[in-house]
file structure-v1.txt (compact mmCIF, C-alpha atoms and all ligand atoms)
# COMPACT_ATOMS: atom_id res chain seq x y z
CA MET A 1 0.00 0.00 0.00
CA SER A 2 1.39 3.40 -0.89
CA TRP A 3 0.33 6.96 -1.57
CA THR A 4 1.97 9.76 -3.55
CA VAL A 5 1.37 13.34 -2.42
CA ASP A 6 3.15 16.35 -3.96
CA GLY A 7 5.82 14.03 -5.36
CA VAL A 8 6.41 12.35 -1.99
CA ARG A 9 5.91 8.59 -1.95
CA ILE A 10 4.54 7.26 1.33
CA SER A 11 4.33 3.61 2.30
CA ARG A 12 3.78 1.82 5.56
CA VAL A 13 5.18 -1.07 7.57
CA VAL A 14 2.87 -2.47 10.23
CA GLU A 15 4.59 -3.86 13.30
CA HIS A 16 1.43 -5.21 14.91
CA VAL A 17 -2.29 -4.62 15.47
CA MET A 18 -3.83 -5.02 18.91
CA PRO A 19 -7.07 -4.33 20.76
CA PHE A 20 -7.38 -1.45 23.21
CA PRO A 21 -10.19 -1.21 25.79
CA VAL A 22 -13.01 1.33 25.41
CA ASP A 23 -11.79 3.27 28.43
CA PHE A 24 -8.51 4.03 26.65
CA PHE A 25 -10.47 7.28 26.18
CA ALA A 26 -11.53 8.41 29.64
CA GLU A 27 -14.97 9.69 28.63
CA ALA A 28 -15.93 6.86 26.25
CA THR A 29 -18.63 4.27 26.95
CA PRO A 30 -19.41 1.03 25.11
CA ALA A 31 -22.63 2.71 23.89
CA ASP A 32 -20.58 5.51 22.28
CA VAL A 33 -18.56 2.91 20.40
CA ALA A 34 -21.65 0.90 19.39
CA ALA A 35 -23.15 4.13 18.01
CA GLU A 36 -20.47 4.18 15.27
CA PRO A 37 -21.23 1.08 13.18
CA ASP A 38 -19.16 2.48 10.31
CA LEU A 39 -16.03 1.85 12.40
CA ALA A 40 -16.59 -1.94 12.51
CA LEU A 41 -14.57 -4.02 11.79
CA ASP A 42 -11.49 -2.15 10.60
CA PHE A 43 -11.37 0.10 13.65
CA VAL A 44 -13.56 -1.66 16.23
CA ASP A 45 -13.42 -5.41 16.73
CA ALA A 46 -16.28 -7.87 17.29
CA HIS A 47 -15.92 -7.38 21.06
CA GLY A 48 -16.38 -3.62 20.84
CA ARG A 49 -12.71 -2.87 21.48
CA TYR A 50 -10.65 -0.41 19.46
CA ARG A 51 -8.40 -2.02 16.86
CA MET A 52 -5.15 -0.09 17.00
CA SER A 53 -2.21 -0.46 14.64
CA LEU A 54 1.42 0.20 15.41
CA HIS A 55 3.18 1.12 12.20
CA SER A 56 5.82 3.29 10.61
CA TYR A 57 5.27 5.53 7.63
CA LEU A 58 8.11 5.53 5.09
CA LEU A 59 8.59 8.68 3.04
CA GLU A 60 10.70 9.15 -0.07
CA ALA A 61 11.12 12.83 -0.91
CA ASP A 62 13.76 14.28 -3.24
CA GLY A 63 15.72 11.02 -3.03
CA ARG A 64 15.76 11.09 0.77
CA ARG A 65 14.34 8.29 2.90
CA ILE A 66 12.51 9.24 6.07
CA ILE A 67 10.89 6.95 8.65
CA VAL A 68 8.14 8.39 10.81
CA ASP A 69 7.83 6.58 14.14
CA THR A 70 9.56 3.34 15.02
CA CYS A 71 6.94 1.30 16.93
CA CYS A 72 7.93 -0.98 19.84
CA GLY A 73 11.02 -2.78 18.58
CA ASN A 74 12.24 -6.33 19.14
CA GLY A 75 13.67 -7.65 22.36
CA LYS A 76 12.70 -4.66 24.50
CA VAL A 77 12.00 -5.49 28.15
CA ARG A 78 8.48 -4.15 28.76
CA PRO A 79 6.94 -6.21 31.56
CA LEU A 80 4.14 -3.67 32.09
CA ILE A 81 2.69 -4.20 28.57
CA PRO A 82 2.79 -7.83 27.45
CA GLU A 83 2.22 -6.99 23.75
CA PHE A 84 5.34 -4.79 23.78
CA ASP A 85 7.52 -7.16 25.80
CA HIS A 86 10.36 -9.17 24.19
CA ARG A 87 8.86 -8.87 20.73
CA THR A 88 10.29 -10.91 17.83
CA GLY A 89 8.61 -9.51 14.71
CA PRO A 90 9.81 -9.25 11.07
CA TYR A 91 9.79 -5.44 11.04
CA LEU A 92 13.35 -4.98 9.77
CA ALA A 93 12.85 -7.50 6.95
CA ASP A 94 9.61 -5.71 6.06
CA LEU A 95 11.50 -2.41 5.87
CA VAL A 96 13.96 -3.94 3.42
CA VAL A 97 11.10 -5.21 1.26
CA GLU A 98 9.85 -1.60 1.11
CA GLY A 99 13.28 -0.43 -0.02
CA PHE A 100 14.27 0.97 3.36
CA ALA A 101 17.34 -1.06 4.32
CA PRO A 102 18.40 0.44 7.67
CA ASP A 103 21.72 1.85 6.43
CA THR A 104 19.97 3.72 3.60
CA VAL A 105 17.66 5.71 5.86
CA ASP A 106 18.44 9.44 6.00
CA ALA A 107 16.12 10.57 8.77
CA VAL A 108 14.01 9.13 11.57
CA VAL A 109 11.21 11.26 12.95
CA CYS A 110 9.67 10.25 16.26
CA THR A 111 6.40 12.16 16.58
CA HIS A 112 6.99 11.86 20.31
CA LEU A 113 9.00 9.79 22.73
CA HIS A 114 6.41 7.33 24.04
CA LEU A 115 7.68 3.77 23.93
CA ASP A 116 5.51 2.70 20.99
CA HIS A 117 7.13 5.37 18.76
CA THR A 118 10.81 4.86 19.57
CA GLY A 119 11.39 1.10 19.80
CA TRP A 120 13.19 0.52 16.51
CA ASN A 121 15.42 3.53 17.07
CA THR A 122 17.77 0.88 18.43
CA ARG A 123 18.39 -2.83 18.16
CA LEU A 124 20.30 -5.27 20.29
CA VAL A 125 23.79 -6.18 19.03
CA ASP A 126 26.11 -8.21 21.27
CA GLY A 127 24.09 -7.27 24.34
CA GLU A 128 24.14 -3.56 23.56
CA TRP A 129 21.40 -1.25 22.24
CA VAL A 130 22.83 0.42 19.12
CA PRO A 131 21.22 2.77 16.58
CA THR A 132 19.26 0.76 14.00
CA PHE A 133 19.73 3.50 11.41
CA PRO A 134 23.41 4.46 11.71
CA ARG A 135 23.39 7.01 8.85
CA ALA A 136 20.18 8.74 9.86
CA ARG A 137 19.59 11.94 11.72
CA TYR A 138 17.01 11.32 14.43
CA LEU A 139 14.58 14.24 14.67
CA LEU A 140 13.02 14.36 18.13
CA GLY A 141 10.97 17.08 19.79
CA ALA A 142 13.34 19.00 22.05
CA ALA A 143 10.72 19.34 24.80
CA ASP A 144 10.18 15.57 24.77
CA VAL A 145 13.89 14.87 25.00
CA ASP A 146 14.02 17.16 27.99
CA ALA A 147 10.86 15.85 29.69
CA TRP A 148 11.36 12.12 29.16
CA GLY A 149 15.09 12.35 29.80
CA ARG A 150 14.30 13.49 33.33
CA SER A 151 11.31 11.19 33.87
CA ASP A 152 11.31 8.30 36.32
CA ASP A 153 8.02 6.98 34.91
CA PRO A 154 8.25 3.16 35.17
CA LEU A 155 7.04 2.71 31.59
CA HIS A 156 9.01 5.42 29.85
CA ALA A 157 12.25 5.75 31.79
CA PRO A 158 13.44 2.29 30.65
CA ALA A 159 12.28 3.04 27.10
CA PHE A 160 14.24 6.29 27.07
CA ALA A 161 17.30 4.42 28.33
CA ASP A 162 17.27 1.70 25.66
CA SER A 163 15.69 3.52 22.68
CA VAL A 164 16.60 7.22 22.96
CA ARG A 165 19.74 7.49 25.08
CA PRO A 166 21.84 5.38 22.65
CA VAL A 167 21.02 7.61 19.66
CA LEU A 168 21.72 10.70 21.76
CA ASP A 169 25.06 9.25 22.86
CA ALA A 170 25.90 8.43 19.22
CA GLY A 171 25.41 12.09 18.29
CA LEU A 172 22.62 11.29 15.87
CA VAL A 173 19.86 13.45 17.38
CA ASP A 174 18.69 16.80 16.06
CA PRO A 175 16.31 18.22 18.68
CA VAL A 176 13.37 19.95 17.00
CA GLU A 177 11.97 23.18 18.41
CA GLY A 178 8.69 24.21 16.84
CA ASP A 179 7.98 23.86 13.14
CA LEU A 180 10.71 22.63 10.80
CA PRO A 181 10.85 22.24 6.99
CA LEU A 182 12.48 18.87 6.38
CA VAL A 183 12.84 18.10 2.69
CA GLY A 184 10.76 19.24 -0.28
CA PRO A 185 7.16 19.72 0.88
CA VAL A 186 7.68 17.62 4.03
CA ARG A 187 7.61 19.64 7.22
CA LEU A 188 7.32 18.97 10.92
CA ARG A 189 4.70 20.88 12.85
CA ALA A 190 4.65 21.30 16.61
CA THR A 191 1.44 19.74 17.94
CA PRO A 192 1.91 19.72 21.73
CA GLY A 193 -0.52 18.29 24.25
CA HIS A 194 -0.19 14.51 24.15
CA THR A 195 3.43 15.23 24.99
CA PRO A 196 5.15 18.63 25.24
CA GLY A 197 7.34 18.15 22.17
CA HIS A 198 4.86 16.28 19.99
CA LEU A 199 5.30 16.67 16.22
CA SER A 200 2.98 15.95 13.31
CA VAL A 201 4.23 15.61 9.75
CA TRP A 202 2.60 17.56 6.93
CA ILE A 203 3.24 17.20 3.21
CA GLY A 204 2.37 20.60 1.88
CA ASP A 205 -1.19 21.06 3.05
CA ARG A 206 -2.31 17.91 1.23
CA CYS A 207 -1.47 15.22 3.75
CA VAL A 208 -0.90 14.92 7.48
CA ILE A 209 0.59 12.11 9.54
CA THR A 210 -1.16 12.64 12.83
CA GLY A 211 1.10 11.13 15.45
CA ASP A 212 -0.88 10.74 18.66
CA VAL A 213 -2.85 13.95 18.22
CA LEU A 214 -5.38 11.33 17.10
CA HIS A 215 -5.23 7.70 18.22
CA HIS A 216 -8.42 6.43 16.63
CA PRO A 217 -11.02 7.58 14.07
CA ILE A 218 -13.67 7.77 16.81
CA GLN A 219 -11.88 10.85 18.14
CA CYS A 220 -13.04 12.70 15.02
CA ARG A 221 -16.59 12.28 16.40
CA HIS A 222 -15.41 13.10 19.94
CA PRO A 223 -12.45 15.47 19.67
CA ASP A 224 -12.75 16.35 23.36
CA TRP A 225 -12.19 12.86 24.67
CA THR A 226 -9.02 12.37 26.70
CA ALA A 227 -6.64 9.68 25.51
CA THR A 228 -4.59 7.66 27.96
CA GLY A 229 -1.20 9.33 28.02
CA ASP A 230 -2.40 12.83 27.10
CA GLY A 231 0.05 14.75 29.27
CA ASP A 232 -1.87 18.04 29.03
CA PRO A 233 -5.46 17.10 28.17
CA ASP A 234 -6.66 20.68 27.54
CA LEU A 235 -3.79 21.47 25.20
CA ALA A 236 -4.22 18.06 23.53
CA ARG A 237 -7.90 18.86 22.89
CA ALA A 238 -7.10 22.27 21.39
CA THR A 239 -4.34 20.80 19.21
CA ARG A 240 -6.63 17.96 18.07
CA ARG A 241 -9.43 20.32 17.08
CA ALA A 242 -7.00 22.59 15.23
CA LEU A 243 -5.54 19.66 13.28
CA LEU A 244 -9.01 18.33 12.43
CA GLU A 245 -10.16 21.79 11.29
CA GLU A 246 -7.10 22.21 9.12
CA ALA A 247 -7.33 18.71 7.63
CA ALA A 248 -11.03 19.15 6.86
CA SER A 249 -10.54 22.59 5.28
CA ALA A 250 -7.64 21.38 3.14
CA GLU A 251 -9.37 18.07 2.31
CA ALA A 252 -6.05 16.58 3.27
CA LEU A 253 -5.21 12.88 3.19
CA VAL A 254 -5.10 11.91 6.86
CA LEU A 255 -2.71 9.11 7.79
CA GLY A 256 -3.47 7.97 11.33
CA THR A 257 -0.45 6.80 13.25
CA HIS A 258 -2.51 4.22 15.18
CA PHE A 259 -5.37 3.83 12.71
CA ALA A 260 -5.91 0.23 11.63
CA GLY A 261 -7.25 -0.85 8.24
CA SER A 262 -5.59 1.19 5.50
CA SER A 263 -4.94 3.88 8.18
CA ALA A 264 -5.79 6.48 5.51
CA GLY A 265 -8.78 8.66 4.85
CA HIS A 266 -10.28 12.13 5.01
CA VAL A 267 -11.87 14.18 7.74
CA VAL A 268 -15.19 15.88 7.06
CA ARG A 269 -17.10 18.28 9.29
CA ASP A 270 -20.20 16.86 10.98
CA GLY A 271 -22.07 19.25 13.29
CA ASP A 272 -19.60 20.62 15.81
CA ALA A 273 -17.34 17.61 15.34
CA PHE A 274 -16.00 15.55 12.42
CA ARG A 275 -16.23 12.19 10.74
CA PHE A 276 -13.45 10.02 9.38
CA VAL A 277 -14.06 8.70 5.89
CA ALA A 278 -11.68 5.79 5.46
CA GLU A 279 -9.94 4.96 2.22
CA ASP A 280 -9.75 1.30 1.27
ZN ZN B 301 1.26 5.92 20.40
call {"tool": "encode", "arguments": {"input": "structure-v1.txt", "output": "structure tokens", "more": "lines below"}}
Ligand SMILES: [Zn+2]
result
Amino acid sequence: MSWTVDGVRISRVVEHVMPFPVDFFAEATPADVAAEPDLALDFVDAHGRYRMSLHSYLLEADGRRIIVDTCCGNGKVRPLIPEFDHRTGPYLADLVVEGFAPDTVDAVVCTHLHLDHTGWNTRLVDGEWVPTFPRARYLLGAADVDAWGRSDDPLHAPAFADSVRPVLDAGLVDPVEGDLPLVGPVRLRATPGHTPGHLSVWIGDRCVITGDVLHHPIQCRHPDWTATGDGDPDLARATRRALLEEAASAEALVLGTHFAGSSAGHVVRDGDAFRFVAED
């Protein structure tokens, strides 16, 4: 599956798809989910749980190869989340199939530094976590580097240590402050709220890779719901509404970082909220 927007080719490698409980969004009820039959079964499973995908988007722009988000990684010790713990998936082989052999990657963008977006930043070689993409610059939100680097959160402190610290120590990180043009029409946009240094990726105004501004299409219907992990829920809400407004106005292709199915579609206005119209 691939898309071409403003001369930028975008493809995707899925690491895994997993169910999340309804109360992943604090305000959501099973009735709210049942009221969206259009979301079955790509986005809501037969048990009424959210289907969530963990994947990377792969961008080729002006001959440069960019990976957006690096999922959970293999072999990471994550006892608090069984699906993330000691994984052994074919992600790297899948990257090669897509033409993204690790040593040909020019840039890695982590939309933020939660553990499901940084895992493949590193891989285990001879007992040591080393950068998976040795030639790449790693573009990370400066505020996230600062915040998570000081955190003792039991989930994210170990993830920072094995998936972010090694690329920092290797001198591969370019901290990103605010908006940043990357290559051609690809630019990073500051979208704080879920985390302080959160970034979304826009291709001109024709396509947006959401990061965790949106986790699931149902948030288009309920932009004010609070997602687990939203560090600043009010700012996250404002950022989410602004992104949805902009995507709807521009009729932009929306690529959802945790959206299952094709993960792609468009956002249309619906009353004082929105609807996600998925692309097959
Ligand atoms: Zn995430």
call {"tool": "closest_atom_pairs", "arguments": {"input": "structure-v1.txt", "of": "range 88-187 of chain A", "to": "range 201-214 of chain A", "cutoff": "10 Å", "atoms": "all atoms listed in the file", "output": "JSON lines"}}
result
{"residue": "A:Val109", "atom": "CA", "partner": "A:Val201", "partner_atom": "CA", "distance": 8.8}
{"residue": "A:Cys110", "atom": "CA", "partner": "A:Gly211", "partner_atom": "CA", "distance": 8.7}
{"residue": "A:Thr111", "atom": "CA", "partner": "A:Gly211", "partner_atom": "CA", "distance": 5.5}
{"residue": "A:His112", "atom": "CA", "partner": "A:Gly211", "partner_atom": "CA", "distance": 7.7}
{"residue": "A:His114", "atom": "CA", "partner": "A:Asp212", "partner_atom": "CA", "distance": 9.7}
{"residue": "A:His117", "atom": "CA", "partner": "A:Gly211", "partner_atom": "CA", "distance": 9.0}
{"residue": "A:Asp179", "atom": "CA", "partner": "A:Val201", "partner_atom": "CA", "distance": 9.7}
{"residue": "A:Leu180", "atom": "CA", "partner": "A:Val201", "partner_atom": "CA", "distance": 9.6}
{"residue": "A:Pro181", "atom": "CA", "partner": "A:Trp202", "partner_atom": "CA", "distance": 9.5}
{"residue": "A:Leu182", "atom": "CA", "partner": "A:Val201", "partner_atom": "CA", "distance": 9.5}
{"residue": "A:Val183", "atom": "CA", "partner": "A:Ile203", "partner_atom": "CA", "distance": 9.7}
{"residue": "A:Gly184", "atom": "CA", "partner": "A:Ile203", "partner_atom": "CA", "distance": 8.5}
{"residue": "A:Pro185", "atom": "CA", "partner": "A:Gly204", "partner_atom": "CA", "distance": 5.0}
{"residue": "A:Val186", "atom": "CA", "partner": "A:Ile203", "partner_atom": "CA", "distance": 4.5}
{"residue": "A:Arg187", "atom": "CA", "partner": "A:Trp202", "partner_atom": "CA", "distance": 5.4}
call {"tool": "atom_distance", "arguments": {"input": "structure-v1.txt", "atom1": "CA of Gly197 in chain A", "atom2": "CA of Pro19 in chain A"}}
result
26.7 Å
call {"tool": "residues_around", "arguments": {"input": "structure-v1.txt", "residues": "range 95-106 of chain A", "least_positions_apart": "2", "cutoff": "9 Å", "atoms": "all atoms listed in the file", "output": "VMD selection string"}}
result
chain A and resid 11 to 13 58 64 to 67 90 to 93 108 132 to 138
call {"tool": "residues_near_ligand", "arguments": {"input": "structure-v1.txt", "ligand": "ligand ZN 301 (chain B)", "cutoff": "12 Å", "atoms": "only C-alpha atoms and all ligand atoms", "output": "PyMOL selection string"}}
result
chain A and resi 20+24+52-56+69-72+84+110-119+194-195+198+210-216+227-230+256-259
call {"tool": "residues_near_point", "arguments": {"input": "structure-v1.txt", "point": "(-16.4, 13.2, 7.9)", "cutoff": "10 Å", "atoms": "only C-alpha atoms", "output": "ChimeraX atom specification"}}
result
/A:217,220-221,248,265-271,273-278
call {"tool": "atom_distance", "arguments": {"input": "structure-v1.txt", "atom1": "CA of Asp174 in chain A", "atom2": "CA of Leu199 in chain A"}}
result
13.4 Å
call {"tool": "atom_distance", "arguments": {"input": "structure-v1.txt", "atom1": "CA of His86 in chain A", "atom2": "CA of Val14 in chain A"}}
result
17.2 Å
call {"tool": "residues_around", "arguments": {"input": "structure-v1.txt", "residues": "Gly193 in chain A", "least_positions_apart": "4", "cutoff": "6 Å", "atoms": "all atoms listed in the file", "output": "ChimeraX atom specification"}}
result
/A:232,235-236
call {"tool": "write_last_selection", "arguments": {"input": "structure-v1.txt", "atoms": "C-alpha atoms", "output": "compact mmCIF listing (two decimals), in the frame of the given file"}}
result
# COMPACT_ATOMS: atom_id res chain seq x y z
CA ASP A 232 -1.87 18.04 29.03
CA LEU A 235 -3.79 21.47 25.20
CA ALA A 236 -4.22 18.06 23.53
call {"tool": "residues_around", "arguments": {"input": "structure-v1.txt", "residues": "Asp162 in chain A", "least_positions_apart": "3", "cutoff": "8 Å", "atoms": "only C-alpha atoms", "output": "VMD selection string"}}
result
chain A and resid 76 122 129 158 to 159 165 to 166
call {"tool": "closest_residue", "arguments": {"input": "structure-v1.txt", "among": "A:Asp224, A:Leu255, A:Pro21, A:Gly261", "to": "Arg241 in chain A", "atoms": "all atoms listed in the file"}}
result
A:Asp224
call {"tool": "closest_residue", "arguments": {"input": "structure-v1.txt", "among": "A:Trp225, A:Ala143, A:Asp272, A:Ala170", "to": "Asp23 in chain A", "atoms": "only C-alpha atoms"}}
result
A:Trp225
